[in-house]
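Peer 1: Please find model-v8.csv (CSV, C-alpha atoms) on the next line:
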```
chain,number,residue,atom,x,y,z
A,1,MET,CA,6.1,-7.5,23.8
A,2,LYS,CA,2.7,-9.0,24.5
A,3,ILE,CA,1.4,-11.3,21.7
A,4,ASP,CA,-2.1,-12.5,21.2
A,5,LYS,CA,-3.1,-15.0,18.5
A,6,THR,CA,-6.7,-15.7,17.3
A,7,VAL,CA,-8.2,-17.6,14.4
A,8,ALA,CA,-11.2,-16.5,12.3
A,9,PRO,CA,-13.0,-18.6,9.7
A,10,SER,CA,-13.4,-17.5,6.1
A,11,PRO,CA,-14.3,-18.9,2.7
A,12,LYS,CA,-10.6,-19.0,1.9
A,13,GLY,CA,-9.8,-21.0,5.1
A,14,ASP,CA,-8.9,-20.0,8.6
A,15,ILE,CA,-7.4,-16.5,9.0
A,16,THR,CA,-4.8,-16.1,11.7
A,17,LEU,CA,-4.7,-12.7,13.5
A,18,TYR,CA,-1.8,-11.5,15.6
A,19,THR,CA,-2.0,-8.6,18.0
A,20,LEU,CA,1.3,-7.2,19.1
A,21,THR,CA,1.3,-4.8,22.1
A,22,ASN,CA,4.4,-2.9,23.0
A,23,ALA,CA,5.7,-1.6,26.4
A,24,SER,CA,3.6,1.6,26.2
A,25,GLY,CA,0.4,-0.3,25.3
A,26,ALA,CA,0.3,0.7,21.6
A,27,GLU,CA,-0.7,-2.2,19.5
A,28,VAL,CA,-0.8,-3.6,15.9
A,29,THR,CA,-3.1,-6.4,14.6
A,30,LEU,CA,-2.0,-8.3,11.5
A,31,SER,CA,-3.9,-10.8,9.4
A,32,SER,CA,-2.8,-13.8,7.4
A,33,LEU,CA,-5.4,-12.8,4.8
A,34,GLY,CA,-3.4,-10.8,2.3
A,35,ALA,CA,-0.6,-10.4,5.0
A,36,GLY,CA,-2.6,-7.4,6.0
A,37,ILE,CA,-2.7,-4.7,8.7
A,38,VAL,CA,-6.0,-4.8,10.4
A,39,SER,CA,-5.5,-2.2,13.2
A,40,ILE,CA,-2.9,0.1,14.7
A,41,LYS,CA,-3.7,1.7,18.0
A,42,VAL,CA,-1.5,4.6,19.0
A,43,PRO,CA,-1.8,7.6,21.3
A,44,ASP,CA,-3.0,11.1,20.4
A,45,SER,CA,-1.4,14.3,21.9
A,46,GLU,CA,-3.2,13.6,25.2
A,47,GLY,CA,-2.2,10.0,25.3
A,48,HIS,CA,-5.5,8.5,24.3
A,49,LEU,CA,-5.2,5.3,22.2
A,50,ALA,CA,-7.3,4.9,19.1
A,51,ASN,CA,-7.1,2.7,16.0
A,52,VAL,CA,-5.8,4.8,13.1
A,53,VAL,CA,-6.3,2.2,10.3
A,54,LEU,CA,-9.4,1.6,8.3
A,55,GLY,CA,-10.7,-1.9,8.3
A,56,TYR,CA,-13.7,-4.2,8.6
A,57,LYS,CA,-15.7,-5.7,11.4
A,58,ASP,CA,-15.7,-9.2,9.9
A,59,PRO,CA,-12.2,-10.6,9.0
A,60,ALA,CA,-13.7,-12.4,6.0
A,61,SER,CA,-14.9,-9.0,4.6
A,62,TYR,CA,-11.3,-8.4,3.5
A,63,ILE,CA,-11.7,-11.0,0.7
A,64,ALA,CA,-12.0,-9.3,-2.7
A,65,ASP,CA,-12.9,-5.9,-1.1
A,66,GLY,CA,-12.6,-3.0,-3.6
A,67,PRO,CA,-10.4,-0.8,-1.4
A,68,CYS,CA,-7.8,-3.6,-0.8
A,69,ALA,CA,-7.7,-2.3,2.8
A,70,GLY,CA,-4.5,-3.0,4.7
A,71,LYS,CA,-3.4,-5.8,2.4
A,72,ILE,CA,-0.4,-6.6,0.2
A,73,PRO,CA,-1.4,-6.6,-3.4
A,74,GLY,CA,0.6,-8.6,-5.9
A,75,ARG,CA,2.3,-10.0,-7.8
A,76,PHE,CA,2.2,-6.5,-9.3
A,77,ALA,CA,0.7,-3.7,-7.2
A,78,ASN,CA,-1.1,-0.9,-9.1
A,79,ARG,CA,-1.9,-0.9,-12.8
A,80,ILE,CA,-0.5,-2.5,-15.9
A,81,ALA,CA,-1.9,-1.1,-19.1
A,82,ARG,CA,-4.4,-3.2,-21.0
A,83,GLY,CA,-3.3,-6.2,-19.0
A,84,HIS,CA,-0.3,-6.9,-21.3
A,85,PHE,CA,3.4,-6.8,-21.0
A,86,SER,CA,6.3,-8.5,-22.8
A,87,LEU,CA,9.3,-10.2,-21.3
A,88,ASP,CA,12.1,-12.0,-23.2
A,89,ASN,CA,10.1,-11.5,-26.4
A,90,LYS,CA,7.1,-13.3,-25.0
A,91,GLU,CA,3.7,-11.6,-24.5
A,92,TYR,CA,1.9,-12.1,-21.2
A,93,THR,CA,-1.9,-11.5,-20.7
A,94,LEU,CA,-3.3,-10.6,-17.4
A,95,ALA,CA,-6.9,-10.4,-16.0
A,96,ILE,CA,-8.6,-7.0,-16.7
A,97,ASN,CA,-10.1,-5.8,-13.5
A,98,ASN,CA,-9.9,-2.0,-13.5
A,99,GLY,CA,-11.5,-0.5,-16.6
A,100,PRO,CA,-9.3,-1.6,-19.5
A,101,ASN,CA,-6.3,-2.4,-17.2
A,102,ALA,CA,-4.9,-5.0,-14.8
A,103,LEU,CA,-4.9,-3.8,-11.2
A,104,HIS,CA,-3.1,-5.2,-8.1
A,105,GLY,CA,-2.1,-8.6,-9.6
A,106,GLY,CA,-5.7,-9.5,-10.6
A,107,PRO,CA,-8.9,-10.6,-8.8
A,108,GLU,CA,-7.1,-13.5,-7.2
A,109,GLY,CA,-3.9,-11.6,-6.4
A,110,PHE,CA,-1.8,-11.9,-3.2
A,111,GLN,CA,-4.2,-9.7,-1.4
A,112,ASN,CA,-7.0,-12.3,-1.6
A,113,GLN,CA,-5.0,-15.3,-0.4
A,114,VAL,CA,-4.4,-16.7,3.1
A,115,TRP,CA,-0.7,-16.6,3.7
A,116,GLU,CA,1.3,-19.0,5.9
A,117,SER,CA,2.4,-17.2,9.1
A,118,LYS,CA,4.5,-17.4,12.2
A,119,CYS,CA,5.5,-15.1,15.1
A,120,ASP,CA,8.8,-15.2,16.8
A,121,GLY,CA,7.6,-13.9,20.1
A,122,ASN,CA,9.6,-10.7,20.0
A,123,GLY,CA,7.3,-8.5,17.9
A,124,THR,CA,8.1,-9.9,14.4
A,125,VAL,CA,5.5,-11.7,12.3
A,126,THR,CA,6.5,-13.4,9.0
A,127,PHE,CA,3.9,-14.2,6.3
A,128,THR,CA,4.8,-16.3,3.4
A,129,TYR,CA,3.1,-17.1,0.1
A,130,HIS,CA,3.9,-19.3,-2.9
A,131,ALA,CA,2.6,-18.1,-6.2
A,132,LYS,CA,2.6,-20.7,-8.9
A,133,ASP,CA,4.0,-20.2,-12.4
A,134,GLY,CA,1.1,-18.8,-14.5
A,135,GLU,CA,-0.9,-17.7,-11.5
A,136,GLU,CA,-3.0,-14.7,-12.7
A,137,GLY,CA,-1.0,-14.8,-15.9
A,138,TYR,CA,2.5,-14.0,-14.5
A,139,PRO,CA,5.6,-16.2,-15.3
A,140,GLY,CA,7.6,-18.0,-12.7
A,141,ASN,CA,7.1,-19.8,-9.4
A,142,MET,CA,7.5,-17.0,-6.8
A,143,ASP,CA,8.0,-17.2,-3.1
A,144,VAL,CA,7.1,-14.1,-1.2
A,145,LYS,CA,7.8,-13.0,2.4
A,146,ALA,CA,6.2,-10.1,4.3
A,147,ILE,CA,8.0,-9.5,7.6
A,148,TYR,CA,6.5,-7.1,10.0
A,149,THR,CA,8.2,-5.8,13.2
A,150,TRP,CA,6.4,-3.7,15.8
A,151,ASP,CA,8.7,-2.0,18.4
A,152,ASP,CA,8.5,0.1,21.5
A,153,GLU,CA,9.0,3.3,19.5
A,154,ASN,CA,5.6,2.8,17.8
A,155,ARG,CA,7.4,1.9,14.6
A,156,LEU,CA,6.0,-0.7,12.2
A,157,THR,CA,8.6,-2.0,9.8
A,158,LEU,CA,7.6,-4.0,6.8
A,159,ASN,CA,10.3,-5.9,4.8
A,160,LEU,CA,9.1,-7.4,1.5
A,161,GLN,CA,11.1,-10.1,-0.2
A,162,ALA,CA,10.5,-12.3,-3.3
A,163,VAL,CA,12.4,-14.8,-5.3
A,164,SER,CA,11.4,-16.5,-8.6
A,165,ASP,CA,12.6,-19.5,-10.6
A,166,ALA,CA,12.0,-17.6,-13.9
A,167,HIS,CA,12.4,-14.1,-15.2
A,168,THR,CA,9.3,-12.2,-14.1
A,169,VAL,CA,8.0,-8.8,-12.8
A,170,VAL,CA,7.1,-7.9,-9.2
A,171,ASN,CA,5.9,-4.8,-7.4
A,172,LEU,CA,4.9,-5.1,-3.7
A,173,THR,CA,3.5,-2.6,-1.2
A,174,ASN,CA,0.9,-2.4,1.6
A,175,HIS,CA,-2.4,-0.8,0.8
A,176,VAL,CA,-3.2,0.4,4.4
A,177,TYR,CA,-5.5,3.4,4.8
A,178,PHE,CA,-4.8,5.9,7.6
A,179,ASN,CA,-7.1,8.3,9.5
A,180,LEU,CA,-5.0,9.7,12.3
A,181,ASP,CA,-8.0,11.0,14.1
A,182,GLY,CA,-9.2,7.4,14.4
A,183,GLU,CA,-10.9,5.1,12.0
A,184,ASN,CA,-14.6,6.0,11.3
A,185,SER,CA,-14.0,9.5,12.6
A,186,GLY,CA,-14.8,11.2,9.3
A,187,SER,CA,-12.8,12.8,6.5
A,188,VAL,CA,-9.0,13.1,6.2
A,189,LEU,CA,-9.2,16.2,4.0
A,190,GLU,CA,-7.9,18.3,6.9
A,191,HIS,CA,-4.9,16.1,7.5
A,192,LEU,CA,-1.6,17.8,6.5
A,193,LEU,CA,0.5,15.9,4.0
A,194,GLN,CA,4.2,16.5,3.0
A,195,LEU,CA,6.0,14.5,0.4
A,196,ASN,CA,9.7,14.4,-0.4
A,197,ALA,CA,8.8,14.5,-4.1
A,198,THR,CA,9.2,17.3,-6.6
A,199,CYS,CA,7.8,15.3,-9.5
A,200,TYR,CA,4.9,13.0,-10.1
A,201,LEU,CA,3.7,10.7,-12.9
A,202,PRO,CA,0.9,12.1,-15.1
A,203,THR,CA,-1.6,9.5,-16.4
A,204,ASP,CA,-4.0,9.0,-19.2
A,205,GLU,CA,-7.8,8.9,-18.6
A,206,THR,CA,-7.5,5.3,-17.4
A,207,GLN,CA,-4.9,6.2,-14.8
A,208,ILE,CA,-2.0,4.6,-16.7
A,209,PRO,CA,1.2,6.8,-16.5
A,210,THR,CA,2.0,8.5,-19.8
A,211,GLY,CA,5.7,8.0,-19.3
A,212,GLU,CA,6.2,11.7,-18.5
A,213,VAL,CA,7.9,12.7,-15.2
A,214,ALA,CA,6.3,16.1,-14.4
A,215,PRO,CA,7.3,18.7,-11.8
A,216,VAL,CA,4.7,19.4,-9.1
A,217,ALA,CA,5.7,23.1,-8.7
A,218,GLY,CA,2.8,25.4,-9.5
A,219,THR,CA,0.2,22.6,-9.5
A,220,PRO,CA,-2.2,21.0,-7.0
A,221,MET,CA,0.2,18.0,-6.9
A,222,ASP,CA,2.7,20.1,-4.9
A,223,PHE,CA,3.1,18.7,-1.3
A,224,THR,CA,6.7,19.6,-0.9
A,225,SER,CA,5.6,21.6,2.2
A,226,PRO,CA,2.8,20.5,4.5
A,227,LYS,CA,-0.6,21.1,2.9
A,228,ALA,CA,-4.1,20.0,3.8
A,229,ILE,CA,-5.2,17.0,1.6
A,230,GLY,CA,-8.4,18.8,0.8
A,231,HIS,CA,-6.9,22.2,-0.1
A,232,ASP,CA,-6.7,21.5,-3.8
A,233,ILE,CA,-8.5,18.2,-4.2
A,234,LYS,CA,-11.5,19.9,-6.0
A,235,ALA,CA,-9.2,22.1,-8.2
A,236,ASP,CA,-9.9,22.5,-11.9
A,237,PHE,CA,-7.0,20.2,-12.8
A,238,THR,CA,-7.4,17.3,-15.2
A,239,PRO,CA,-5.4,14.7,-13.2
A,240,LEU,CA,-7.6,15.3,-10.2
A,241,LYS,CA,-10.8,15.0,-12.2
A,242,ILE,CA,-9.8,11.7,-13.7
A,243,GLY,CA,-9.9,9.9,-10.3
A,244,LYS,CA,-12.2,12.2,-8.3
A,245,GLY,CA,-9.2,13.2,-6.2
A,246,TYR,CA,-5.6,12.1,-5.6
A,247,ASP,CA,-4.6,8.6,-7.0
A,248,HIS,CA,-1.2,9.2,-8.4
A,249,CYS,CA,2.4,8.1,-8.1
A,250,TRP,CA,4.9,10.7,-6.8
A,251,VAL,CA,8.6,10.2,-7.6
A,252,VAL,CA,10.8,10.0,-4.5
A,253,ASP,CA,13.5,12.7,-4.6
A,254,ASN,CA,17.1,11.5,-4.8
A,255,TYR,CA,16.1,7.8,-5.0
A,256,VAL,CA,19.0,5.3,-4.7
A,257,LYS,CA,18.1,1.7,-5.1
A,258,GLY,CA,18.1,-0.1,-1.8
A,259,GLU,CA,18.6,3.1,0.3
A,260,LEU,CA,16.1,3.8,3.0
A,261,ARG,CA,15.0,7.4,3.1
A,262,PRO,CA,12.1,9.5,4.6
A,263,VAL,CA,9.4,10.1,2.0
A,264,ALA,CA,6.2,11.4,3.7
A,265,VAL,CA,4.8,13.0,6.8
A,266,LEU,CA,1.1,12.9,7.6
A,267,THR,CA,-0.3,15.0,10.4
A,268,ALA,CA,-3.7,15.3,12.0
A,269,PRO,CA,-4.1,18.7,13.6
A,270,LYS,CA,-7.2,17.6,15.5
A,271,SER,CA,-5.6,14.6,17.3
A,272,GLY,CA,-2.0,15.7,17.2
A,273,ARG,CA,-0.9,12.3,15.8
A,274,THR,CA,1.8,12.3,13.2
A,275,LEU,CA,2.9,9.5,10.8
A,276,GLU,CA,6.4,9.5,9.3
A,277,VAL,CA,6.9,7.1,6.3
A,278,SER,CA,10.3,5.9,5.1
A,279,THR,CA,11.0,3.5,2.3
A,280,THR,CA,13.6,2.0,-0.1
A,281,GLN,CA,11.0,2.2,-3.0
A,282,PRO,CA,11.2,4.8,-5.8
A,283,GLY,CA,7.6,5.9,-5.7
A,284,MET,CA,4.6,6.7,-3.5
A,285,GLN,CA,1.0,6.1,-4.8
A,286,VAL,CA,-1.1,8.5,-2.7
A,287,TYR,CA,-4.8,7.5,-2.8
A,288,THR,CA,-7.2,9.7,-0.9
A,289,GLY,CA,-10.0,7.1,-0.6
A,290,ASN,CA,-12.0,8.6,-3.4
A,291,TRP,CA,-14.3,5.5,-3.7
A,292,LEU,CA,-14.6,4.2,-0.1
A,293,ALA,CA,-18.4,4.6,0.1
A,294,GLY,CA,-20.2,1.3,0.0
A,295,CYS,CA,-17.3,-0.9,1.3
A,296,PRO,CA,-18.0,-3.5,4.0
A,297,GLU,CA,-19.0,-2.5,7.6
A,298,SER,CA,-16.2,-0.8,9.4
A,299,ILE,CA,-14.2,-2.3,12.2
A,300,SER,CA,-16.1,-0.1,14.7
A,301,GLY,CA,-19.5,-1.0,13.2
A,302,GLY,CA,-20.2,2.0,10.9
A,303,GLN,CA,-19.9,2.8,7.2
A,304,TYR,CA,-17.0,4.7,5.6
A,305,ALA,CA,-17.5,7.6,3.2
A,306,ASP,CA,-15.3,8.8,0.4
A,307,TYR,CA,-12.1,10.5,1.7
A,308,ASP,CA,-12.3,8.8,5.1
A,309,GLY,CA,-8.8,7.5,4.8
A,310,VAL,CA,-5.6,8.1,2.9
A,311,ALA,CA,-3.2,5.4,1.6
A,312,ILE,CA,0.5,6.2,1.1
A,313,GLU,CA,1.6,3.1,-0.9
A,314,CYS,CA,5.4,3.0,-1.3
A,315,GLN,CA,6.1,1.0,-4.4
A,316,GLY,CA,7.7,0.8,-7.9
A,317,PHE,CA,6.1,2.8,-10.7
A,318,PRO,CA,2.8,1.8,-12.2
A,319,ASP,CA,3.0,0.1,-15.6
A,320,ALA,CA,6.8,-0.2,-15.2
A,321,PRO,CA,6.8,-3.5,-17.3
A,322,ASN,CA,5.7,-1.4,-20.3
A,323,LYS,CA,7.8,1.7,-19.6
A,324,PRO,CA,11.6,1.1,-20.1
A,325,SER,CA,12.4,4.6,-18.8
A,326,PHE,CA,10.9,3.7,-15.4
A,327,PRO,CA,12.9,1.9,-12.6
A,328,SER,CA,12.8,-1.8,-13.6
A,329,SER,CA,10.2,-4.1,-12.0
A,330,GLU,CA,11.9,-7.2,-13.4
A,331,LEU,CA,13.2,-10.0,-11.2
A,332,LYS,CA,15.5,-12.7,-12.5
A,333,PRO,CA,16.1,-16.1,-10.9
A,334,GLU,CA,19.5,-15.2,-9.4
A,335,GLU,CA,18.1,-12.0,-7.8
A,336,THR,CA,16.1,-11.3,-4.6
A,337,TYR,CA,13.5,-8.6,-4.4
A,338,ASN,CA,14.0,-6.8,-1.1
A,339,GLU,CA,12.2,-3.6,-0.2
A,340,THR,CA,11.4,-1.9,3.1
A,341,ILE,CA,8.6,0.4,4.3
A,342,ILE,CA,8.5,2.0,7.8
A,343,PHE,CA,5.5,3.6,9.5
A,344,LYS,CA,6.6,5.6,12.5
A,345,PHE,CA,3.9,7.2,14.8
A,346,ASN,CA,4.4,10.2,17.0
```
Before we go any further, please render this structure as structure tokens.

Peer 2:
Amino acid sequence: MKIDKTVAPSPKGDITLYTLTNASGAEVTLSSLGAGIVSIKVPDSEGHLANVVLGYKDPASYIADGPCAGKIPGRFANRIARGHFSLDNKEYTLAINNGPNALHGGPEGFQNQVWESKCDGNGTVTFTYHAKDGEEGYPGNMDVKAIYTWDDENRLTLNLQAVSDAHTVVNLTNHVYFNLDGENSGSVLEHLLQLNATCYLPTDETQIPTGEVAPVAGTPMDFTSPKAIGHDIKADFTPLKIGKGYDHCWVVDNYVKGELRPVAVLTAPKSGRTLEVSTTQPGMQVYTGNWLAGCPESISGGQYADYDGVAIECQGFPDAPNKPSFPSSELKPEETYNETIIFKFN
């Protein structure tokens, strides 16, 4: 494994970038800002390498970007209703940064911090971050690890770990956007998506889950067999109108806590690239880049448009702290949060 390390300045301090190149020449670039994925270069059906991850030309542009491109949001990814939750009969108030709700841990969440980092020389990079008690309104001092491993099978494994000295909540994922034809190559609406999910979580008009777990059968939310992302995206269907496209959590079929299982396949007919996603998480938030226009200059020097990338964010359920029927997002001092996501490219 070839490893290159560079440093870029930013208002948050120096950002460390690691580029890992495997035996076939495929490579991943990771950033200490938000423990993020900056680039993944993998071959198409003819063997031509291209970056399939959306990102920005200037490493500092990742700070406080709206799309949260490639980064690890936290301490709670996704939305918490009205920025409130209760734990041990105590009410906690969070920053409101998405309509009336809290999103991705707040404006100064994990995604906008420079993490400590180290590389072992064998294709594994470990990022660590210490969140203080009360940071962004959450209880408990929390130590977080994001451990990435890139291998010769073009497989990127992300292990997410957290411990806290007080009862708290946590929900971690990576918010990377994929375009398997290559970043800045246009829309992903012709990409084929298949999800191992026969149910999804309907939301209210502010995109907070109602608590219902609804079947996808007979609706535009059905991706149980491969379907073009754009096939139903403009359908006369209220959930799609709320967010101008897909921005919903699908429920992983046959979920067992701690058990790794395949959950999604994304295919680009044009390039022939395929992405297989596996996780230990109970949900997948699929976001079709409905509001990408106007974000910072792209890594290749252009401008992204809406629907130029798709995120498959393996995670716990949105608003879980306020929904007792959902898989718990609580973390106690004697416990370790430990979840895995694998991106495998073919």

Peer 1: For the atom pair CA of Ile208 in chain A and CA of Lys241 in chain A, what is the interatomic distance in Å to one decimal place?

Peer 2: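 If I compute the distance from CA of Ile208 in chain A to CA of Lys241 in chain A, I get 14.3 Å.
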
Peer 1: Quick one: residues within 9 Å of range 13-24 of chain A, all atoms listed in the file, excluding same-chain residues fewer than 2 positions away - as a count of residues only?

Peer 2: 36

Peer 1: With distances taken over all atoms listed in the file, which of A:Pro100, A:Gly230, A:Pro333, A:Gly25 is nearest to His167 in chain A?

Peer 2: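 That would be A:Pro333, the residue with the smallest distance to His167 in chain A.
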
Peer 1: Rank A:Lys323, A:Lys227, A:Lys118, A:Lys234 by their smallest atom-to-atom distance to His191 in chain A, using all atoms listed in the file, and report the top residue only.

Peer 2: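 For His191 in chain A, the nearest of the candidates is A:Lys227.
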
Peer 1: Need the neighbours of (-14.8, -6.7, 11.9): which residues are at most 7 Å away, counting only C-alpha atoms, as a compact mmCIF listing (two decimals) with C-alpha atoms, keeping the file's coordinate frame?

Peer 2:
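Output below, filename out-v3.txt:
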```txt
# COMPACT_ATOMS: atom_id res chain seq x y z
CA TYR A 56 -13.70 -4.20 8.60
CA LYS A 57 -15.70 -5.70 11.40
CA ASP A 58 -15.70 -9.20 9.90
CA PRO A 59 -12.20 -10.60 9.00
CA SER A 298 -16.20 -0.80 9.40
CA ILE A 299 -14.20 -2.30 12.20
```

Peer 1: Within 12 Å of (11.4, -9.6, -10.6), in the coordinates the file gives, what residues turn up when you count all atoms listed in the file, written out as a PyMOL selection string?

Peer 2: chain A and resi 74-76+87+138-144+161-172+316+320-321+327-338

Peer 1: For Ile147 in chain A, list every protein, DNA or RNA residue within 9 Å, evaluated using all atoms listed in the file, and leave out those in the same chain fewer than 6 positions away; present the list as a list of chain:residue names.

Peer 2: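 Using all atoms listed in the file, the neighbours found are A:Thr124, A:Val125, A:Thr126, A:Phe127, A:Thr128, A:Thr157, A:Leu158, A:Asn159, A:Leu160, A:Gln161.
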
Peer 1: Which polymer residues have any atom within 12 Å of an atom of Ile229 in chain A, counting all atoms listed in the file, with same-chain residues fewer than 2 positions away left out, as JSON, numbers by chain?

Peer 2: {"A": [179, 187, 188, 189, 190, 191, 192, 193, 194, 195, 220, 221, 222, 223, 225, 226, 227, 231, 232, 233, 234, 235, 245, 246, 265, 266, 267, 268, 286, 287, 288, 289, 290, 307, 308, 309, 310, 311]}

Peer 1: Kindly give the distance, in Å, that separates CA of Lys71 in chain A and CA of Gly105 in chain A, rounded to a single decimal.

Peer 2: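 If I compute the distance from CA of Lys71 in chain A to CA of Gly105 in chain A, I get 12.4 Å.
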
Peer 1: Given all atoms listed in the file as the basis, pick out the residue of A:Tyr255, A:Glu91, A:Phe85, A:Ala64 nearest to Gln113 in chain A.

Peer 2: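 Among the listed residues, the smallest separation from Gln113 in chain A belongs to A:Ala64.
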
Peer 1: Please report the interatomic distance between CA of His248 in chain A and CA of Glu339 in chain A in Å with one decimal.

Peer 2: 20.3 Å

Peer 1: Pick from A:Pro318, A:Pro239, A:Gly283, A:Gly47: nearest to Ala102 in chain A, with only C-alpha atoms counted?

Peer 2: A:Pro318
